[in-house]
Amino acid sequence: MRNKFIAGNWKMYRDVEESTQLAEAIKNILKDVGPSEVEVAVCPPFTSLCAVNSVIKGSNIKLGAQNIYPKQEGAFTGEISPLMLRSCGCAYVIIGHSERRQYFGETNESVNEKVKAAIEYGINPIMCVGETLEEREKGVTNDVVKAHVEGGLKGIPKEKLQHVTIAYEPVWAIGTGKTATPEQAQDVHAFIRKLLGALYDDAAAQIVRIQYGGSVKPDNAKELLNKPDIDGALVGGASLKADSFEAIVRFNK
Ligand code: PEP
């Protein structure tokens with residue numbers, strides 16, 4: 001069965017010293033939580049990856065990046081390669097976050113290239129999908145999510161699918177304080193799992209973890225995370241404080 005997976009997306013917050021302190025606090029507060037219960041990852045900015053890795057190495061907390069460039073090395077000024085992420089200890093990378101689609105022109109095609117590169121170099125992608133408010137109001141949520149999932153996973157063979165986490169993040173719920181109701185989220189998660197079943201097969205679809213993201217907080221985590229197809233959370237704002245992140249990780253307590 002799928003274990004729950006909670007990842008903190010620190011976005012462009014926390015310098016090296018602040019990241020180190022936050023990572024220390026999270027490591028200490030969650031030291032009794034093992035991956036068979038809940039898997040936990042933190043995704044600091046690039047500049048803090050190595051420092052945070054030194055803090056969490058040997059603990060149950062995994063490290064993730066927030067972006068990747070899909071080439072091993074080369075003249076790509078300002079970009080960060082999969083090997084560089086690996087050398088900092090990254091086990092995960094967030095790909096195609098809606099902020100990157102909105103502000104940095106990421107498309108299903110570029111997301112697909114990044115997902116492929118991450119898998120090739122042994123980093124597990126957390127691939128973000130989700131509709132805008134306008135799209136939800138137009139009734140095209142499933143069409144948008146289908147295009148994101150199909151486009152992002154194009155060419156990924158069945159035996160590699162186990163490395164992929166999908167994060168369903170309705171754009172209207174990110175950083176807004178508006179959360180999808182557990183029922184709204186479950187409906188889309190079930191839709192994604194059915195889609196994976198059609199694209200691959202049911203066994204493959206059952207292995208993929210689908211996180212929910214969008215204003216997850218200590219007071220709504222339990223209801224969301226107890227839905228059958230919600231396998232974890234990608235947490236933004238509430239991951240920047242050790243106590244609120246802890247409360248989400250311990251959602252069933
Ligand atoms: C996110 O950044 O992926 C996110 C879901 O942010 P927040 O929890 O702040 O809505």
# chains A, B, ... in the order shown; residues from 1 in each chain; ligands from 1
call {"tool": "residues_near_ligand", "arguments": {"ligand": "ligand 1", "cutoff": "10 Å", "atoms": "only C-alpha atoms and all ligand atoms", "output": "number ranges by chain"}}
result
A: 7-11, 66, 94, 97-99, 128, 167-179, 211-217, 233-240
call {"tool": "select_by_dssp", "arguments": {"residues": "segment 59-213 of chain A", "states": "helix (DSSP H, G or I)", "output": "number ranges by chain"}}
result
A: 82-87, 98-103, 108-120, 133-137, 141-153, 158-163, 171-173, 182-199, 202-207
call {"tool": "residues_around", "arguments": {"residues": "Pro70 of chain A", "least_positions_apart": "3", "cutoff": "12 Å", "atoms": "only C-alpha atoms", "output": "ChimeraX atom specification"}}
result
/A:67,73-74,76,79-85,93,95,109-121,123
call {"tool": "closest_residue", "arguments": {"among": "A:Cys90, A:Asp202, A:Val42, A:Arg209", "to": "Leu22 of chain A", "atoms": "only C-alpha atoms"}}
result
A:Val42
call {"tool": "closest_residue", "arguments": {"among": "A:Leu30, A:Ile126, A:Leu224, A:Leu195", "to": "Arg250 of chain A", "atoms": "only C-alpha atoms"}}
result
A:Leu30
